[in-house]
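Have a look at the structure below, then the notes.
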Amino acid sequence: MEALLLSVGLLLGAYVLVYYNLVKGPPCRGIASLRGRTAVVTGANSGIGKMTALELARRGARVVLACRSRERGEAAAFDLRQESGNNEVIFMALDLASLASVRAFATAFLSSEPRLDILIHNAGISSCGRTREPFNLLLRVNHIGPFLLTHLLLPRLKTCAPSRVVVVSSAAHSRGRLDFTRLDCPVVGWRQELRAYADSKLANVLFARELATQLEGTGITCYAAHPGPVNSELFLRHVPGWLRPLLRPVAWLVLRAPRGGAQTPLYCALQEGIEPLSGRYFANCHVEEVTPAARDDRAAHRLWEASKRLAGLGPGEGAESDEDPQPEDPYSPSSPHPEEPTASELYPSPQSSPDLSKVMRRILVKAEPELQTS
């Protein structure tokens, strides 16, 4: 009996050491007060996004929950107002699978909100489920939709500079390998979904890198954030129903709670002094090195140009423009794209040459300065 108790004690002790040293993420200790500032968090009705929005609300920010489901978004806004004591938490409809919805959200936001200080792209999907679309749904929701939304909101971000854009990525980006000849092809089967998810996370990292280059000198800084292994709806959403009861206890033991997963995105949004690291990838609240594919500046620029076309942005509507972007509708009769399909029910050319200043920044970024934090 004593041997059994000793074994149990050793196992519990080992678990505690592993959990607090490897699983549980370090807390974000950034800016204490956000009063007078406005933040947008996509996919904030549950999981990491909801915990991120809660912390921003607790610090006094006006927080816009950008979610697909009105019912769940309104319920989350009510919960966050109650828990934070901050009545400045509101819901606005956004379906990243629909470019029309992205434009409608941007129009509504810009007409009603005078400030935008923090934009956090948290929403994402890991599978297409039973829905079949004539485009790459994972890339659309995880990258193209956020790419378009960022462009449409850039004028407000510039007006409120210093401001920040945080793109929630994943360690899965290291398995990504972008094929620009098939970037928007439909995804069929679980093997293609795994590849497409990793590709979309690589696109997130490259997007943050190129966005930092495009916005150098504007006062807007950009970061890719890995939340870590998190026990969230994204993890169990597409697991077969019979398997969920078996996985839930395991996930509870070995994965971070959503609050822990929110810490690195919050760090990128709030930590002072990381501005020189704009465009970098963060995990566990510190900057991390990425694979060569994730720091390929030529691929980042090529993805930027391809994303502009897929998002329907015209030649003069890039990040350099100070005017409100008015993207052309890629599904108009004059466009080669097909009519925009119904949004998924699951969703909670040759490159142009960069100018000399952007080339110089890419050279400097290669130095990858390390942040000195206490």
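In the structure tokens, chains take letters A, B, ... by order of appearance, with residues numbered from 1 within each chain and ligands from 1 in the order shown.
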I'd like the neighbourhood of stretch 178-189 of chain A as a CSV table (one decimal) with all heavy atoms, in the first residue's frame, where a residue qualifies if any of its atoms comes within 7 Å (using only C-alpha atoms), though same-chain residues fewer than 5 positions away should be ignored.
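Final output, part_28.csv:
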```csv
chain,number,residue,atom,x,y,z
A,133,GLU,N,-16.6,23.9,-50.2
A,133,GLU,CA,-16.6,25.2,-50.9
A,133,GLU,C,-15.7,25.2,-52.1
A,133,GLU,O,-14.7,24.4,-52.2
A,133,GLU,CB,-16.1,26.3,-49.9
A,133,GLU,CG,-16.8,26.4,-48.6
A,133,GLU,CD,-18.2,27.1,-48.7
A,133,GLU,OE1,-18.6,27.3,-49.9
A,133,GLU,OE2,-18.7,27.4,-47.7
A,134,PRO,N,-15.9,26.0,-53.1
A,134,PRO,CA,-15.1,26.0,-54.3
A,134,PRO,C,-13.8,26.8,-54.1
A,134,PRO,O,-13.2,27.3,-55.1
A,134,PRO,CB,-16.0,26.7,-55.4
A,134,PRO,CG,-16.8,27.6,-54.6
A,134,PRO,CD,-17.1,26.9,-53.3
A,135,PHE,N,-13.4,27.0,-52.9
A,135,PHE,CA,-12.1,27.7,-52.6
A,135,PHE,C,-11.5,27.0,-51.4
A,135,PHE,O,-12.2,26.2,-50.7
A,135,PHE,CB,-12.3,29.2,-52.4
A,135,PHE,CG,-13.4,29.5,-51.4
A,135,PHE,CD1,-13.1,29.5,-50.0
A,135,PHE,CD2,-14.7,29.8,-51.8
A,135,PHE,CE1,-14.1,29.8,-49.1
A,135,PHE,CE2,-15.7,30.1,-50.9
A,135,PHE,CZ,-15.4,30.1,-49.5
A,136,ASN,N,-10.3,27.4,-51.0
A,136,ASN,CA,-9.6,26.9,-49.8
A,136,ASN,C,-10.2,27.6,-48.6
A,136,ASN,O,-9.9,28.7,-48.2
A,136,ASN,CB,-8.1,27.2,-49.9
A,136,ASN,CG,-7.4,26.6,-48.8
A,136,ASN,OD1,-7.9,26.3,-47.7
A,136,ASN,ND2,-6.1,26.3,-49.0
A,199,ASP,N,-0.4,25.2,-43.7
A,199,ASP,CA,-0.1,26.3,-44.7
A,199,ASP,C,-0.7,27.6,-44.3
A,199,ASP,O,-0.1,28.6,-44.4
A,199,ASP,CB,-0.7,25.9,-46.0
A,199,ASP,CG,0.1,24.7,-46.7
A,199,ASP,OD1,1.1,24.3,-46.2
A,199,ASP,OD2,-0.4,24.2,-47.7
```
* alpha helix (DSSP H) positions in stretch 41-164 of chain A, given as a PyMOL selection string -> chain A and resi 47-58+70-84+99-112+137-139+145-159
* To do: Might you pull out every residue within 10 Å of A:Ala44, with only C-alpha atoms counted and same-chain residues fewer than 4 positions away left off, and present them as a ChimeraX atom specification?
  => /A:40,48-54,63-68,72-73,76-77,91,120-123,348
* **Between atom CA of A:Ser84 and atom CA of A:Arg256, distance in Å (one decimal)** =>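 Here the two named atoms are 21.9 Å from each other.
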* **Residues near A:Ala300, cut-off 7 Å, only C-alpha atoms, skip fewer than 5 positions along chain, as number ranges by chain** => A: 206-207, 210
So that I have them on file, write out the residues from the current selection with all heavy atoms, as a PDB file, in the first residue's frame.
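Once everything was written out, this is selection_8.pdb:
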```pdb
ATOM      1  N   LEU A 206       4.088  34.698 -42.159  1.00  0.00           N
ATOM      2  CA  LEU A 206       4.617  35.504 -43.261  1.00  0.00           C
ATOM      3  C   LEU A 206       3.863  36.818 -43.404  1.00  0.00           C
ATOM      4  O   LEU A 206       4.450  37.853 -43.756  1.00  0.00           O
ATOM      5  CB  LEU A 206       4.554  34.703 -44.563  1.00  0.00           C
ATOM      6  CG  LEU A 206       5.482  33.486 -44.655  1.00  0.00           C
ATOM      7  CD1 LEU A 206       5.210  32.707 -45.932  1.00  0.00           C
ATOM      8  CD2 LEU A 206       6.946  33.916 -44.591  1.00  0.00           C
ATOM      9  N   PHE A 207       2.554  36.793 -43.142  1.00  0.00           N
ATOM     10  CA  PHE A 207       1.747  38.008 -43.212  1.00  0.00           C
ATOM     11  C   PHE A 207       2.222  39.030 -42.183  1.00  0.00           C
ATOM     12  O   PHE A 207       2.410  40.211 -42.503  1.00  0.00           O
ATOM     13  CB  PHE A 207       0.274  37.656 -42.984  1.00  0.00           C
ATOM     14  CG  PHE A 207      -0.632  38.852 -42.829  1.00  0.00           C
ATOM     15  CD1 PHE A 207      -0.541  39.947 -43.679  1.00  0.00           C
ATOM     16  CD2 PHE A 207      -1.597  38.883 -41.832  1.00  0.00           C
ATOM     17  CE1 PHE A 207      -1.385  41.045 -43.536  1.00  0.00           C
ATOM     18  CE2 PHE A 207      -2.438  39.968 -41.687  1.00  0.00           C
ATOM     19  CZ  PHE A 207      -2.337  41.056 -42.538  1.00  0.00           C
ATOM     20  N   GLU A 210       5.597  40.496 -43.418  1.00  0.00           N
ATOM     21  CA  GLU A 210       5.501  41.440 -44.532  1.00  0.00           C
ATOM     22  C   GLU A 210       4.727  42.684 -44.131  1.00  0.00           C
ATOM     23  O   GLU A 210       5.042  43.794 -44.582  1.00  0.00           O
ATOM     24  CB  GLU A 210       4.833  40.762 -45.728  1.00  0.00           C
ATOM     25  CG  GLU A 210       4.699  41.649 -46.962  1.00  0.00           C
ATOM     26  CD  GLU A 210       6.026  42.030 -47.600  1.00  0.00           C
ATOM     27  OE1 GLU A 210       7.057  41.394 -47.276  1.00  0.00           O
ATOM     28  OE2 GLU A 210       6.024  42.957 -48.439  1.00  0.00           O
TER      29      GLU A 210
END
```
* **Pick from A:Asn45, A:Thr264, A:Asn87, A:Gln271, whichever lies nearest to A:Arg70 using only C-alpha atoms** => A:Asn45
* Rank nothing, just name the residue among A:Cys128, A:Ala293, A:Ile220, A:Ala104 nearest to A:Pro162, using only C-alpha atoms. => A:Ile220
* atom CA of A:Gly43 to atom CA of A:Asp95: how many Å, to one decimal? ->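 A separation of 9.3 Å between them.
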Determine which residues of stretch 3-143 of chain A DSSP labels as strand (DSSP E) from the backbone of this structure, then write them out as a PDB file with N, CA and C atoms, in the first residue's frame.
```
ATOM      1  N   THR A  38      -9.383  51.324 -27.906  1.00  0.00           N
ATOM      2  CA  THR A  38     -10.351  50.384 -28.473  1.00  0.00           C
ATOM      3  C   THR A  38      -9.621  49.202 -29.078  1.00  0.00           C
ATOM      4  N   ALA A  39     -10.154  48.008 -28.822  1.00  0.00           N
ATOM      5  CA  ALA A  39      -9.571  46.782 -29.357  1.00  0.00           C
ATOM      6  C   ALA A  39     -10.635  45.972 -30.078  1.00  0.00           C
ATOM      7  N   VAL A  40     -10.250  45.321 -31.153  1.00  0.00           N
ATOM      8  CA  VAL A  40     -11.106  44.373 -31.864  1.00  0.00           C
ATOM      9  C   VAL A  40     -10.479  42.992 -31.723  1.00  0.00           C
ATOM     10  N   VAL A  41     -11.278  42.022 -31.288  1.00  0.00           N
ATOM     11  CA  VAL A  41     -10.818  40.640 -31.172  1.00  0.00           C
ATOM     12  C   VAL A  41     -11.761  39.767 -31.982  1.00  0.00           C
ATOM     13  N   THR A  42     -11.242  39.092 -32.994  1.00  0.00           N
ATOM     14  CA  THR A  42     -12.098  38.222 -33.800  1.00  0.00           C
ATOM     15  C   THR A  42     -12.241  36.863 -33.118  1.00  0.00           C
ATOM     16  N   ARG A  62     -12.266  49.584 -24.559  1.00  0.00           N
ATOM     17  CA  ARG A  62     -13.516  49.316 -25.261  1.00  0.00           C
ATOM     18  C   ARG A  62     -13.225  48.148 -26.191  1.00  0.00           C
ATOM     19  N   VAL A  63     -13.964  47.064 -26.053  1.00  0.00           N
ATOM     20  CA  VAL A  63     -13.642  45.832 -26.769  1.00  0.00           C
ATOM     21  C   VAL A  63     -14.792  45.454 -27.700  1.00  0.00           C
ATOM     22  N   VAL A  64     -14.451  45.241 -28.959  1.00  0.00           N
ATOM     23  CA  VAL A  64     -15.426  44.796 -29.960  1.00  0.00           C
ATOM     24  C   VAL A  64     -15.200  43.316 -30.217  1.00  0.00           C
ATOM     25  N   LEU A  65     -16.220  42.506 -29.940  1.00  0.00           N
ATOM     26  CA  LEU A  65     -16.160  41.082 -30.214  1.00  0.00           C
ATOM     27  C   LEU A  65     -16.652  40.854 -31.641  1.00  0.00           C
ATOM     28  N   ALA A  66     -15.753  40.487 -32.534  1.00  0.00           N
ATOM     29  CA  ALA A  66     -16.097  40.283 -33.943  1.00  0.00           C
ATOM     30  C   ALA A  66     -16.315  38.797 -34.170  1.00  0.00           C
ATOM     31  N   CYS A  67     -17.585  38.371 -34.227  1.00  0.00           N
ATOM     32  CA  CYS A  67     -17.924  36.947 -34.263  1.00  0.00           C
ATOM     33  C   CYS A  67     -18.966  36.678 -35.337  1.00  0.00           C
ATOM     34  N   VAL A  89     -18.095  46.636 -23.778  1.00  0.00           N
ATOM     35  CA  VAL A  89     -17.844  45.406 -24.524  1.00  0.00           C
ATOM     36  C   VAL A  89     -19.046  45.164 -25.422  1.00  0.00           C
ATOM     37  N   ILE A  90     -18.835  45.161 -26.737  1.00  0.00           N
ATOM     38  CA  ILE A  90     -19.955  45.052 -27.664  1.00  0.00           C
ATOM     39  C   ILE A  90     -19.682  43.970 -28.701  1.00  0.00           C
ATOM     40  N   PHE A  91     -20.750  43.521 -29.331  1.00  0.00           N
ATOM     41  CA  PHE A  91     -20.654  42.523 -30.402  1.00  0.00           C
ATOM     42  C   PHE A  91     -20.886  43.188 -31.755  1.00  0.00           C
ATOM     43  N   MET A  92     -20.111  42.755 -32.754  1.00  0.00           N
ATOM     44  CA  MET A  92     -20.354  43.141 -34.144  1.00  0.00           C
ATOM     45  C   MET A  92     -20.175  41.902 -35.012  1.00  0.00           C
ATOM     46  N   ALA A  93     -21.062  41.717 -35.984  1.00  0.00           N
ATOM     47  CA  ALA A  93     -21.074  40.503 -36.799  1.00  0.00           C
ATOM     48  C   ALA A  93     -19.919  40.492 -37.799  1.00  0.00           C
ATOM     49  N   ILE A 118      -5.875  48.334 -31.043  1.00  0.00           N
ATOM     50  CA  ILE A 118      -5.393  46.951 -31.035  1.00  0.00           C
ATOM     51  C   ILE A 118      -6.318  46.102 -31.898  1.00  0.00           C
ATOM     52  N   LEU A 119      -5.746  45.388 -32.858  1.00  0.00           N
ATOM     53  CA  LEU A 119      -6.504  44.463 -33.706  1.00  0.00           C
ATOM     54  C   LEU A 119      -5.896  43.074 -33.514  1.00  0.00           C
ATOM     55  N   ILE A 120      -6.686  42.142 -32.969  1.00  0.00           N
ATOM     56  CA  ILE A 120      -6.210  40.792 -32.701  1.00  0.00           C
ATOM     57  C   ILE A 120      -6.979  39.807 -33.566  1.00  0.00           C
ATOM     58  N   HIS A 121      -6.268  39.176 -34.496  1.00  0.00           N
ATOM     59  CA  HIS A 121      -6.862  38.165 -35.370  1.00  0.00           C
ATOM     60  C   HIS A 121      -6.772  36.809 -34.669  1.00  0.00           C
TER      61      HIS A 121
END
```
* **Best match for closeness to A:Ser98 among A:Arg140, A:Arg298, A:His286, A:Lys158, counting only C-alpha atoms** =>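 Checking each candidate against A:Ser98, we get A:Arg140 as the closest.
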* Asked: Hey, which of A:Glu74, A:Tyr223, A:Leu148, A:Ser127 ends up closest to A:Ser101? Count only C-alpha atoms.
  -> A:Leu148
